[in-house]
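Worksheet for the structure shown next.
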There are 2 protein chains.
Amino acid sequence: VDLFPTELWARLSARLFRRATPGNLGYGDPAGYPLLREAIAAYLGESRGIRCDPGQVLIVAGSQQGFDIACRVLLDPGDSVWVEEPGYLGTRGALLAAGARIVPVPVDGEGLDVAAGINQQSMARMASVTPAHQYPLGSVMSLPRRLALLEWAGRSGAWIVEDDYDSEFRYSGRPLMTLRGLDQEGRVVYLGTFSKVLLPSLRLGYLVVPPGLVDTFLAARALSDDSPPFLSQAVTAEFMAEGHFARHIRRMRAAYADRRAAMLEGARRDLRGIMELPPDETGLQLVGWLAGGLDELNACREAAESGIDMRPLSAYRLLPSDRPGVLLGYAAFSPRDIRDALRRLGEALRGALRRS
Amino acid sequence: VDLFPTELWARLSARLFRRATPGNLGYGDPAGYPLLREAIAAYLGESRGIRCDPGQVLIVAGSQQGFDIACRVLLDPGDSVWVEEPGYLGTRGALLAAGARIVPVPVDGEGLDVAAGINQQSMARMASVTPAHQYPLGSVMSLPRRLALLEWAGRSGAWIVEDDYDSEFRYSGRPLMTLRGLDQEGRVVYLGTFSKVLLPSLRLGYLVVPPGLVDTFLAARALSDDSPPFLSQAVTAEFMAEGHFARHIRRMRAAYADRRAAMLEGARRDLRGIMELPPDETGLQLVGWLAGGLDELNACREAAESGIDMRPLSAYRLLPSDRPGVLLGYAAFSPRDIRDALRRLGEALRGALRRS
């Protein structure tokens, strides 16, 4: 949020609102503002290797709404759905509301374990995944796994919801093809968001829907909501069209790379023997594996007493695990704040270990 | 839309965005921007006789989303729900998605016929009504009917969703107490929108929830969506707090009263013997009852050929009716355009009658 070009955005807002036509200000196109849909289709083509028509892009009020619409369209009560274990539990409410049976499928260093999913419940109707950067573990789904997942979906007629929530933040190497980009059979619903790359308070995200499902998704969307406010959509479209978006991403990526480097360096210095932070090439947070017998909840409590907000991995699990870990977000803090925080964290956790 | 103070709004937007704190720009309070919730509670107290705490006001992305959340919270699959017949069919999708059985209850000059509803399905779980200005017929629910509806809901443990979508536009007389204002037992969920009084493209509305249900509504809201964009909420709050809102309503009410007068006067002159428009003290559209054997669909087709968009009442009905009528919206047109249109409409319909 501190890196956001507030002044430019305020100027664009005022300009676009003054120029708005009565059509813009009335009930808009429920699929979203056409120029924004075009800008997103172009961006996905260039940056994510996704070829899609703007007609397949539906603007929604963030990934949560996009996921909820997908559940309403694609699931019948009683359908099984693979979710990542551990994973983002924000999807659970929408799944339960759709009457789905949740099947937690383990995640390892290659992402969701497709073979394990098939073993557990081969007839699942949907798989919900974060292949670019698994949330919360951070693993990137390997190409063989991606192909296996697509193969399973094509064979069993299942749907894949690919949540690409933070793919803009990759610090080295080239990203793998998205599932949507690899998908030959129209099984993938792709979910993107502007919450991470622009602002959470914009409340803007998008779905890229398989061609045959556009009308059904639109009808489901209309049950609960119309397209987001004109102004947020129009300013974002202009921001993208004028090249500010690409510049903003580059600036944020550089800043986050510094913050990430401060994390890894600070952890090497201050958390040795207490917590191991595997470097991770993308994203806005890092997993810390606890060593020396520290317990997740205790560690988080100690951290909170030193003013540090870290979350136990059990908060992302549906099943028990014997490997204690925590999630550390760094995107919102300066390198100096990060270094200070890790020093305090190291002292607090070492104190806790001594007392235990 | 043509009456909207675009320049003022653009200025407020830019100002508030520049002043926004990181907290404002991050993920906001899922219940909505606190200052907007306060402004709405104050407005409802002054203008609609509703005493509520800002904590009971939830900001949503328009009435459709508010209604959908209410259905998700209050209904179980198989529950019966009274809907007005004729009525706003936009609610039907959300009801069907919640697995509800829809019970169409007739509307007359006093609004929903509560006795008929009790006869048809006394154990309904919810009634969805537009008491201030029935959509589409325009009747105002009488006080005895309001009390009977509340009495039924209290006795049977049913919920009432009161959609007060255009209550700001009352041209004479004093409004009746809202159901929410009369409700002693916390059975009423009140639904308001800024789409009519400000702009549809703002995508802002609100629910006033019974005190005991606030947390449940918030949890259901979180399934599908967070609070609307900060900027729309903040500008609306400022617009209300600075007195622009009250002024804007007065201006719109005066303009709409002129437009309505042009409708009634033009209809007396040009539609005599073809269509009867009962004057109606509130709202943004009028019902025209067709006379002389004209059929709804034919009449609408003839109108469309003269460039006039009117809708057959059958578009709002679930049951057949033997009284043909149409709905004429006038809010978006100048008195001169209205007079011209009614002249063309009179000629077209008279021609159709001669040919039939």
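In the structure tokens, chains take letters A, B, ... by order of appearance, with residues numbered from 1 within each chain and ligands from 1 in the order shown.
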Check: Within 7 Å of chain B, which residues of chain A show up when using only C-alpha atoms, listed as a ChimeraX atom specification?
Finding: /A:1-2,6-7,10-11,13-14,17-18,22,25-28,61,64-65,68,93-94,199-203,223-225,228-230
Next item on the list: List the neighbours of B:Glu302 out to 9 Å using only C-alpha atoms; skip same-chain residues closer than 6 positions along the sequence, and give me the result as a list in words.
Entry: Ile308, Leu345, Ala348, Leu349 and Ala352 of chain B
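Comparing the minimum interatomic distances between A:Pro86 and each of A:Glu46, A:Ala257, A:Ala100, A:Ser314, counting only C-alpha atoms, we find that A:Ser314 sits nearest.
Relative to atom CA of B:Arg260, atom CA of B:Pro106 is found at 26.5 Å.
Atom pair atom CA of A:Ile50 / atom CA of A:Gly329: separated by 28.6 Å.
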Looking only at helix (DSSP H, G or I) from DSSP on the backbone, list the matching residues of stretch 161-345 of chain A as a short mmCIF file (atom, residue, chain, number, x, y, z; two decimals) with N, CA, C and O atoms, in the first residue's frame.
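Once everything was written out, this is states34.cif:
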data_model
loop_
_atom_site.label_atom_id
_atom_site.label_comp_id
_atom_site.auth_asym_id
_atom_site.auth_seq_id
_atom_site.Cartn_x
_atom_site.Cartn_y
_atom_site.Cartn_z
N LEU A 179 -1.92 -23.17 -15.81
CA LEU A 179 -2.82 -24.26 -16.18
C LEU A 179 -3.74 -23.81 -17.31
O LEU A 179 -3.98 -24.54 -18.27
N ARG A 180 -4.23 -22.59 -17.17
CA ARG A 180 -5.12 -22.06 -18.20
C ARG A 180 -4.42 -22.02 -19.56
O ARG A 180 -5.02 -22.32 -20.59
N GLY A 181 -3.14 -21.62 -19.55
CA GLY A 181 -2.40 -21.57 -20.80
C GLY A 181 -2.16 -22.96 -21.39
O GLY A 181 -2.06 -23.12 -22.60
N LEU A 182 -2.05 -23.97 -20.52
CA LEU A 182 -1.79 -25.34 -20.98
C LEU A 182 -3.06 -26.09 -21.34
O LEU A 182 -3.01 -27.13 -21.99
N PRO A 200 -5.95 -3.68 -2.14
CA PRO A 200 -7.08 -4.50 -1.68
C PRO A 200 -8.39 -3.71 -1.71
O PRO A 200 -9.44 -4.23 -2.07
N SER A 201 -8.32 -2.42 -1.34
CA SER A 201 -9.55 -1.64 -1.22
C SER A 201 -10.17 -1.31 -2.57
O SER A 201 -11.25 -0.72 -2.63
N LEU A 202 -9.51 -1.65 -3.68
CA LEU A 202 -10.14 -1.48 -4.98
C LEU A 202 -11.27 -2.46 -5.18
O LEU A 202 -12.21 -2.19 -5.92
N PRO A 211 -14.81 -20.89 -22.80
CA PRO A 211 -15.74 -20.23 -23.74
C PRO A 211 -17.20 -20.66 -23.56
O PRO A 211 -18.08 -19.82 -23.53
N GLY A 212 -17.46 -21.93 -23.37
CA GLY A 212 -18.84 -22.37 -23.32
C GLY A 212 -19.58 -22.00 -22.06
O GLY A 212 -20.79 -22.20 -21.97
N LEU A 213 -18.87 -21.47 -21.07
CA LEU A 213 -19.52 -21.23 -19.77
C LEU A 213 -19.79 -19.76 -19.48
O LEU A 213 -20.28 -19.42 -18.41
N VAL A 214 -19.45 -18.88 -20.43
CA VAL A 214 -19.55 -17.44 -20.16
C VAL A 214 -20.97 -17.06 -19.73
O VAL A 214 -21.17 -16.38 -18.72
N ASP A 215 -21.97 -17.52 -20.47
CA ASP A 215 -23.34 -17.11 -20.15
C ASP A 215 -23.78 -17.63 -18.79
O ASP A 215 -24.46 -16.93 -18.04
N THR A 216 -23.40 -18.85 -18.47
CA THR A 216 -23.78 -19.43 -17.18
C THR A 216 -23.14 -18.65 -16.04
O THR A 216 -23.77 -18.36 -15.03
N PHE A 217 -21.87 -18.30 -16.21
CA PHE A 217 -21.20 -17.51 -15.17
C PHE A 217 -21.87 -16.15 -15.02
O PHE A 217 -22.05 -15.66 -13.92
N LEU A 218 -22.23 -15.55 -16.13
CA LEU A 218 -22.88 -14.24 -16.05
C LEU A 218 -24.21 -14.34 -15.31
O LEU A 218 -24.55 -13.47 -14.50
N ALA A 219 -24.96 -15.39 -15.58
CA ALA A 219 -26.25 -15.55 -14.91
C ALA A 219 -26.04 -15.73 -13.41
O ALA A 219 -26.75 -15.14 -12.59
N ALA A 220 -25.02 -16.51 -13.02
CA ALA A 220 -24.76 -16.74 -11.59
C ALA A 220 -24.30 -15.44 -10.93
O ALA A 220 -24.65 -15.15 -9.79
N ARG A 221 -23.50 -14.67 -11.65
CA ARG A 221 -23.04 -13.41 -11.12
C ARG A 221 -24.22 -12.50 -10.83
O ARG A 221 -24.27 -11.82 -9.81
N ALA A 222 -25.20 -12.49 -11.73
CA ALA A 222 -26.33 -11.59 -11.59
C ALA A 222 -27.19 -11.93 -10.37
O ALA A 222 -27.95 -11.10 -9.89
N LEU A 223 -27.09 -13.17 -9.87
CA LEU A 223 -27.85 -13.53 -8.67
C LEU A 223 -27.45 -12.65 -7.50
O LEU A 223 -28.25 -12.37 -6.62
N SER A 224 -26.16 -12.33 -7.44
CA SER A 224 -25.68 -11.74 -6.20
C SER A 224 -25.18 -10.33 -6.41
O SER A 224 -25.07 -9.58 -5.47
N PHE A 230 -18.16 1.54 -11.74
CA PHE A 230 -17.55 2.04 -12.97
C PHE A 230 -16.19 2.66 -12.71
O PHE A 230 -15.22 2.38 -13.41
N LEU A 231 -16.12 3.52 -11.69
CA LEU A 231 -14.91 4.31 -11.52
C LEU A 231 -13.70 3.41 -11.26
O LEU A 231 -12.65 3.58 -11.88
N SER A 232 -13.82 2.43 -10.36
CA SER A 232 -12.66 1.55 -10.10
C SER A 232 -12.24 0.83 -11.38
O SER A 232 -11.06 0.66 -11.64
N GLN A 233 -13.24 0.39 -12.13
CA GLN A 233 -12.91 -0.35 -13.36
C GLN A 233 -12.25 0.56 -14.39
O GLN A 233 -11.27 0.19 -15.03
N ALA A 234 -12.82 1.75 -14.56
CA ALA A 234 -12.32 2.64 -15.61
C ALA A 234 -10.91 3.12 -15.27
O ALA A 234 -10.04 3.18 -16.15
N VAL A 235 -10.66 3.46 -14.01
CA VAL A 235 -9.33 3.94 -13.65
C VAL A 235 -8.30 2.82 -13.82
O VAL A 235 -7.21 3.03 -14.35
N THR A 236 -8.68 1.61 -13.43
CA THR A 236 -7.75 0.49 -13.61
C THR A 236 -7.45 0.25 -15.09
O THR A 236 -6.30 0.02 -15.47
N ALA A 237 -8.49 0.34 -15.93
CA ALA A 237 -8.30 0.14 -17.37
C ALA A 237 -7.34 1.18 -17.92
O ALA A 237 -6.41 0.87 -18.68
N GLU A 238 -7.54 2.43 -17.53
CA GLU A 238 -6.68 3.52 -18.01
C GLU A 238 -5.25 3.34 -17.49
O GLU A 238 -4.28 3.53 -18.22
N PHE A 239 -5.15 2.95 -16.25
CA PHE A 239 -3.85 2.71 -15.61
C PHE A 239 -3.08 1.63 -16.39
O PHE A 239 -1.87 1.73 -16.60
N MET A 240 -3.80 0.62 -16.83
CA MET A 240 -3.16 -0.44 -17.61
C MET A 240 -2.82 0.05 -19.01
O MET A 240 -1.71 -0.15 -19.50
N ALA A 241 -3.79 0.71 -19.65
CA ALA A 241 -3.60 1.13 -21.04
C ALA A 241 -2.46 2.13 -21.18
O ALA A 241 -1.73 2.13 -22.16
N HIS A 244 1.07 2.55 -16.89
CA HIS A 244 1.41 2.72 -15.47
C HIS A 244 1.46 1.38 -14.74
O HIS A 244 2.22 1.19 -13.81
N PHE A 245 0.61 0.47 -15.17
CA PHE A 245 0.48 -0.82 -14.49
C PHE A 245 1.81 -1.57 -14.56
O PHE A 245 2.34 -2.02 -13.54
N ALA A 246 2.35 -1.69 -15.78
CA ALA A 246 3.61 -2.41 -15.95
C ALA A 246 4.71 -1.75 -15.11
O ALA A 246 5.49 -2.42 -14.44
N ARG A 247 4.75 -0.40 -15.14
CA ARG A 247 5.77 0.32 -14.35
C ARG A 247 5.58 0.07 -12.86
O ARG A 247 6.54 -0.16 -12.13
N HIS A 248 4.32 0.10 -12.42
CA HIS A 248 4.03 -0.10 -11.01
C HIS A 248 4.46 -1.50 -10.56
O HIS A 248 5.06 -1.67 -9.50
N ILE A 249 4.17 -2.50 -11.38
CA ILE A 249 4.58 -3.86 -11.03
C ILE A 249 6.10 -3.94 -10.92
O ILE A 249 6.63 -4.52 -9.98
N ARG A 250 6.81 -3.32 -11.89
CA ARG A 250 8.27 -3.37 -11.82
C ARG A 250 8.78 -2.73 -10.53
O ARG A 250 9.66 -3.27 -9.86
N ARG A 251 8.19 -1.59 -10.15
CA ARG A 251 8.62 -0.89 -8.94
C ARG A 251 8.34 -1.74 -7.71
O ARG A 251 9.17 -1.86 -6.82
N MET A 252 7.14 -2.35 -7.67
CA MET A 252 6.79 -3.15 -6.50
C MET A 252 7.68 -4.38 -6.43
O MET A 252 8.11 -4.79 -5.36
N ARG A 253 7.94 -4.97 -7.59
CA ARG A 253 8.74 -6.19 -7.60
C ARG A 253 10.13 -5.89 -7.04
O ARG A 253 10.66 -6.64 -6.22
N ALA A 254 10.71 -4.74 -7.44
CA ALA A 254 12.03 -4.37 -6.95
C ALA A 254 11.98 -4.15 -5.44
O ALA A 254 12.84 -4.63 -4.69
N ALA A 255 10.95 -3.45 -4.98
CA ALA A 255 10.86 -3.17 -3.55
C ALA A 255 10.67 -4.47 -2.77
O ALA A 255 11.30 -4.69 -1.73
N TYR A 256 9.81 -5.35 -3.27
CA TYR A 256 9.56 -6.60 -2.56
C TYR A 256 10.79 -7.51 -2.58
O TYR A 256 11.04 -8.25 -1.63
N ALA A 257 11.56 -7.45 -3.68
CA ALA A 257 12.78 -8.25 -3.73
C ALA A 257 13.73 -7.80 -2.62
O ALA A 257 14.34 -8.62 -1.93
N ASP A 258 13.82 -6.47 -2.39
CA ASP A 258 14.65 -5.97 -1.30
C ASP A 258 14.13 -6.47 0.05
O ASP A 258 14.90 -6.85 0.93
N ARG A 259 12.83 -6.44 0.20
CA ARG A 259 12.25 -6.83 1.48
C ARG A 259 12.48 -8.33 1.72
O ARG A 259 12.80 -8.76 2.82
N ARG A 260 12.33 -9.09 0.63
CA ARG A 260 12.55 -10.52 0.73
C ARG A 260 14.02 -10.81 1.07
O ARG A 260 14.32 -11.65 1.93
N ALA A 261 14.95 -10.08 0.43
CA ALA A 261 16.37 -10.28 0.72
C ALA A 261 16.65 -9.96 2.19
O ALA A 261 17.39 -10.69 2.87
N ALA A 262 16.02 -8.90 2.70
CA ALA A 262 16.21 -8.55 4.10
C ALA A 262 15.69 -9.66 5.00
O ALA A 262 16.28 -9.96 6.06
N MET A 263 14.61 -10.30 4.61
CA MET A 263 14.06 -11.42 5.38
C MET A 263 15.05 -12.57 5.44
O MET A 263 15.35 -13.11 6.50
N LEU A 264 15.53 -12.97 4.26
CA LEU A 264 16.37 -14.16 4.20
C LEU A 264 17.69 -13.92 4.93
O LEU A 264 18.17 -14.78 5.68
N GLU A 265 18.24 -12.71 4.74
CA GLU A 265 19.49 -12.36 5.38
C GLU A 265 19.32 -12.28 6.91
O GLU A 265 20.09 -12.84 7.67
N GLY A 266 18.26 -11.61 7.33
CA GLY A 266 17.98 -11.48 8.77
C GLY A 266 17.75 -12.84 9.41
O GLY A 266 18.18 -13.10 10.54
N ALA A 267 17.07 -13.71 8.68
CA ALA A 267 16.77 -15.03 9.24
C ALA A 267 18.05 -15.83 9.41
O ALA A 267 18.25 -16.52 10.41
N ARG A 268 18.96 -15.71 8.40
CA ARG A 268 20.24 -16.42 8.52
C ARG A 268 20.99 -15.95 9.77
O ARG A 268 21.59 -16.75 10.48
N ARG A 269 20.91 -14.64 10.03
CA ARG A 269 21.66 -14.08 11.15
C ARG A 269 20.96 -14.34 12.49
O ARG A 269 21.59 -14.77 13.44
N ASP A 270 19.67 -14.08 12.56
CA ASP A 270 19.00 -14.03 13.85
C ASP A 270 18.16 -15.26 14.20
O ASP A 270 17.70 -15.39 15.32
N GLU A 296 4.16 -24.34 17.28
CA GLU A 296 3.63 -23.25 16.44
C GLU A 296 2.91 -22.18 17.24
O GLU A 296 3.17 -20.98 17.10
N LEU A 297 1.98 -22.61 18.06
CA LEU A 297 1.14 -21.64 18.74
C LEU A 297 1.95 -20.84 19.76
O LEU A 297 1.80 -19.62 19.88
N ASN A 298 2.84 -21.54 20.48
CA ASN A 298 3.71 -20.83 21.41
C ASN A 298 4.58 -19.82 20.70
O ASN A 298 4.73 -18.68 21.15
N ALA A 299 5.17 -20.25 19.58
CA ALA A 299 6.05 -19.35 18.84
C ALA A 299 5.28 -18.11 18.41
O ALA A 299 5.77 -16.98 18.52
N CYS A 300 4.05 -18.28 17.93
CA CYS A 300 3.26 -17.13 17.47
C CYS A 300 2.90 -16.23 18.64
O CYS A 300 2.87 -15.01 18.52
N ARG A 301 2.63 -16.85 19.79
CA ARG A 301 2.30 -16.04 20.97
C ARG A 301 3.51 -15.21 21.39
O ARG A 301 3.40 -14.01 21.65
N GLU A 302 4.68 -15.83 21.42
CA GLU A 302 5.90 -15.09 21.77
C GLU A 302 6.14 -13.95 20.78
O GLU A 302 6.48 -12.83 21.17
N ALA A 303 5.94 -14.25 19.50
CA ALA A 303 6.15 -13.22 18.47
C ALA A 303 5.19 -12.06 18.70
O ALA A 303 5.58 -10.89 18.65
N ALA A 304 3.92 -12.37 18.98
CA ALA A 304 2.92 -11.32 19.17
C ALA A 304 3.32 -10.42 20.34
O ALA A 304 3.15 -9.20 20.28
N GLU A 305 3.91 -11.03 21.39
CA GLU A 305 4.33 -10.21 22.54
C GLU A 305 5.47 -9.28 22.17
O GLU A 305 5.66 -8.25 22.81
N LEU A 313 1.05 -22.39 10.75
CA LEU A 313 0.56 -23.09 9.55
C LEU A 313 -0.70 -23.90 9.86
O LEU A 313 -1.48 -24.17 8.95
N SER A 314 -0.91 -24.25 11.13
CA SER A 314 -2.13 -24.99 11.44
C SER A 314 -3.37 -24.18 11.08
O SER A 314 -4.44 -24.74 10.86
N ALA A 315 -3.23 -22.84 11.00
CA ALA A 315 -4.38 -22.02 10.60
C ALA A 315 -4.77 -22.27 9.14
O ALA A 315 -5.82 -21.81 8.69
N TYR A 316 -3.94 -22.98 8.39
CA TYR A 316 -4.22 -23.25 6.98
C TYR A 316 -4.47 -24.73 6.74
O TYR A 316 -4.53 -25.17 5.60
N PRO A 335 12.85 -2.80 4.58
CA PRO A 335 13.95 -3.69 4.96
C PRO A 335 14.43 -3.42 6.39
O PRO A 335 14.71 -4.36 7.14
N ARG A 336 14.48 -2.15 6.78
CA ARG A 336 14.95 -1.85 8.14
C ARG A 336 13.98 -2.42 9.18
O ARG A 336 14.41 -3.04 10.16
N ASP A 337 12.67 -2.21 8.96
CA ASP A 337 11.69 -2.77 9.90
C ASP A 337 11.81 -4.29 9.96
O ASP A 337 11.66 -4.90 11.03
N ILE A 338 12.06 -4.88 8.81
CA ILE A 338 12.17 -6.34 8.76
C ILE A 338 13.36 -6.81 9.59
O ILE A 338 13.26 -7.73 10.39
N ARG A 339 14.50 -6.13 9.39
CA ARG A 339 15.69 -6.53 10.15
C ARG A 339 15.46 -6.40 11.66
O ARG A 339 15.77 -7.30 12.43
N ASP A 340 14.86 -5.26 12.06
CA ASP A 340 14.57 -5.06 13.49
C ASP A 340 13.65 -6.16 14.01
O ASP A 340 13.86 -6.71 15.09
N ALA A 341 12.63 -6.46 13.23
CA ALA A 341 11.62 -7.42 13.69
C ALA A 341 12.25 -8.79 13.85
O ALA A 341 11.98 -9.51 14.82
N LEU A 342 13.12 -9.17 12.90
CA LEU A 342 13.71 -10.50 12.99
C LEU A 342 14.66 -10.60 14.19
O LEU A 342 14.76 -11.65 14.82
N ARG A 343 15.32 -9.48 14.50
CA ARG A 343 16.19 -9.49 15.68
C ARG A 343 15.34 -9.74 16.93
O ARG A 343 15.64 -10.61 17.75
N ARG A 344 14.25 -8.97 17.06
CA ARG A 344 13.37 -9.15 18.23
C ARG A 344 12.80 -10.57 18.25
O ARG A 344 12.70 -11.20 19.30
N LEU A 345 12.44 -11.06 17.06
CA LEU A 345 11.85 -12.40 16.99
C LEU A 345 12.85 -13.45 17.46
O LEU A 345 12.52 -14.37 18.22
#
Note to self: If DSSP is run on the backbone, what residues of stretch 31-175 of chain B are strand (DSSP E)? A reply as an MDAnalysis selection string would be ideal.
What the structure shows: chainID B and resid 57:60 80:85 101:108 111:112 126:129 159:163
Note to self: Report as a list in words all protein, DNA and RNA residues lying within 9 Å of A:Val129, evaluated on only C-alpha atoms, omitting residues in the same chain fewer than 2 positions from it.
What the structure shows: Trp82, Val83, Glu84, Gly87, Gly111, Leu112, Ala127, Pro131, Gln134, Tyr135, Ile160, Val161, Glu162, Asp163 and Asp164 of chain A
Notebook entry, point to check: So which residues touch stretch 136-145 of chain A within 8 Å, counting only C-alpha atoms, skipping near sequence neighbours fewer than 3 positions away, as a ChimeraX atom specification?
Noted result: /A:86-88,108-114,131-133,148-149,176,280,282-283,286-287,313,316,327
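For the pair atom CA of A:Tyr165 and atom CA of A:Thr130, the separation is 7.7 Å.
Shortest atom-to-atom contact with A:Arg350 among A:Gly288, A:Gly273, A:Glu168, A:Ala331: A:Gly273, counting only C-alpha atoms.
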